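Below is one structure, written out as structure tokens; the observations come after it.
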Amino acid sequence: MEDAVRRALSEERLRTFDCAVTCSTQCTPLELYLWNARISAAFLVPLHIGEVVTRNAVSDALTRIHGPRWPWVQGFEDSLPSPAGGYDPRRELRRAAARSSATATVIPTLSFVFWQKMFTHRFDARLWSRCMGQVFPGADRGMPLHGIRAGMHRDLEQIRRLRNRIAHHEPIFGRALADDYAAIERVVKLRCPRTAAWMAGHDMVRPLLRNRPV
């Protein structure tokens with residue numbers, strides 16, 4: 001059985017798991033592979049909640065500044081960076097808005113990195129200085145606005161990297177997964193502490209972490 005599974009998954013793919021398992025490890029490479037798949041699946045729920053909460057929070061902020069049809073407001077489009085190379089949020093928004101006539105259908109078509117880019121310093125004065133407290137009521141009122149925004153950007157970068165590895169079925173067992181979960185929880189809590197508590201009440205990540213094989 002084990003040989004057949006290894007052939008199906010490929011020796012190249014299992015090499016990372018082989019290297020992680022030593023004579024003192026209480027699991028086999030395939031058991032570690034399965035645990036990695038299970039923890040990846042468990043993360044899908046908080047990742048889902050974190051991403052939806054984040055993009056809805058940004059949409060709320062944009063609505064307060066630009067109105068409910070913010071994807072078609074030229075002033076907002078012009079505020080987005082449009083670099084000569086690399087990711088271009090202005091182009092992505094323009095394409096998404098051209099394919100739809102409703103804000104609610106534009107929101108889920110925009111990539112995770114689009115929402116993360118809304119937490120760069122260029123939007124401190126344009127957006128967050130005007131509505132941070134209303135959009136993120138869970139934020140520490142004693143903390144400077146730019147600190148809250150920068151912390152959000154750092155957490156979203158950590159979440160994005162985890163999300164991408166899971167989406168490509170890559171190993172995540174070597175990551176600081178408790179810290180990854182904490183980053184998601186912080187993001188959700190900023191927007192709505194009750195939602196963060198609800199998410200934690202249905203969490204399957206930490207039970208798996210308590211039985212981490214390596």
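Residues are named by chain letter and number: chains run A, B, ... in the order of the structure tokens, numbers start at 1 in each chain, and ligands are numbered from 1 in the order shown.
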Using only C-alpha atoms, which protein or nucleic acid residues come within 6 Å of region 174-190 of chain A? Drop anything in the same chain fewer than 6 positions from it, and give the result as a short mmCIF file (atom, residue, chain, number, x, y, z; two decimals) with C-alpha atoms, in the first residue's frame.
data_model
loop_
_atom_site.label_atom_id
_atom_site.label_comp_id
_atom_site.auth_asym_id
_atom_site.auth_seq_id
_atom_site.Cartn_x
_atom_site.Cartn_y
_atom_site.Cartn_z
CA GLY A 50 -10.65 36.44 7.09
CA PHE A 136 -12.50 48.60 12.32
CA GLY A 138 -12.04 46.41 17.26
CA ALA A 139 -8.87 48.47 16.76
CA ASP A 155 -0.95 40.27 8.84
CA ALA A 196 -13.64 36.44 15.74
#
With region 35-45 of chain A as the partner and 7 Å as the cut-off, tabulate the residues of region 98-185 of chain A that qualify, each row holding the nearest pair of atoms and their distance in Å to one decimal, using only C-alpha atoms, sorted by chain and rising number, as a tab-separated table.
residue	atom	partner	partner_atom	distance
A:Ile166	CA	A:Ser40	CA	5.9
A:Pro171	CA	A:Asn36	CA	6.5
A:Ile172	CA	A:Asn36	CA	6.6
A:Phe173	CA	A:Asn36	CA	5.9
Using the selection just defined, write its residues with N, CA and C atoms as a PDB file, in the first residue's frame.
ATOM      1  N   ILE A 166      -1.261  26.810   0.550  1.00  0.00           N
ATOM      2  CA  ILE A 166      -2.363  25.852   0.652  1.00  0.00           C
ATOM      3  C   ILE A 166      -3.031  25.666  -0.705  1.00  0.00           C
ATOM      4  N   PRO A 171       3.725  21.985   1.202  1.00  0.00           N
ATOM      5  CA  PRO A 171       3.881  21.711   2.636  1.00  0.00           C
ATOM      6  C   PRO A 171       3.771  22.988   3.461  1.00  0.00           C
ATOM      7  N   ILE A 172       3.038  22.924   4.560  1.00  0.00           N
ATOM      8  CA  ILE A 172       2.974  24.058   5.487  1.00  0.00           C
ATOM      9  C   ILE A 172       3.363  23.633   6.898  1.00  0.00           C
ATOM     10  N   PHE A 173       3.724  22.364   7.095  1.00  0.00           N
ATOM     11  CA  PHE A 173       3.977  21.870   8.447  1.00  0.00           C
ATOM     12  C   PHE A 173       5.169  22.562   9.105  1.00  0.00           C
TER      13      PHE A 173
END
My list of candidates is A:Ser10, A:Gln26, A:Asn56, A:Gln134. Which is closest to Arg212 (chain A) when distances are computed with only C-alpha atoms?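 Ranked by minimum distance to Arg212 (chain A), first place goes to A:Gln26.
Taking only C-alpha atoms into account, Arg69 (chain A) lies nearest to A:Ile107 out of the set A:Ala4, A:Arg95, A:Ile148, A:Ile107.
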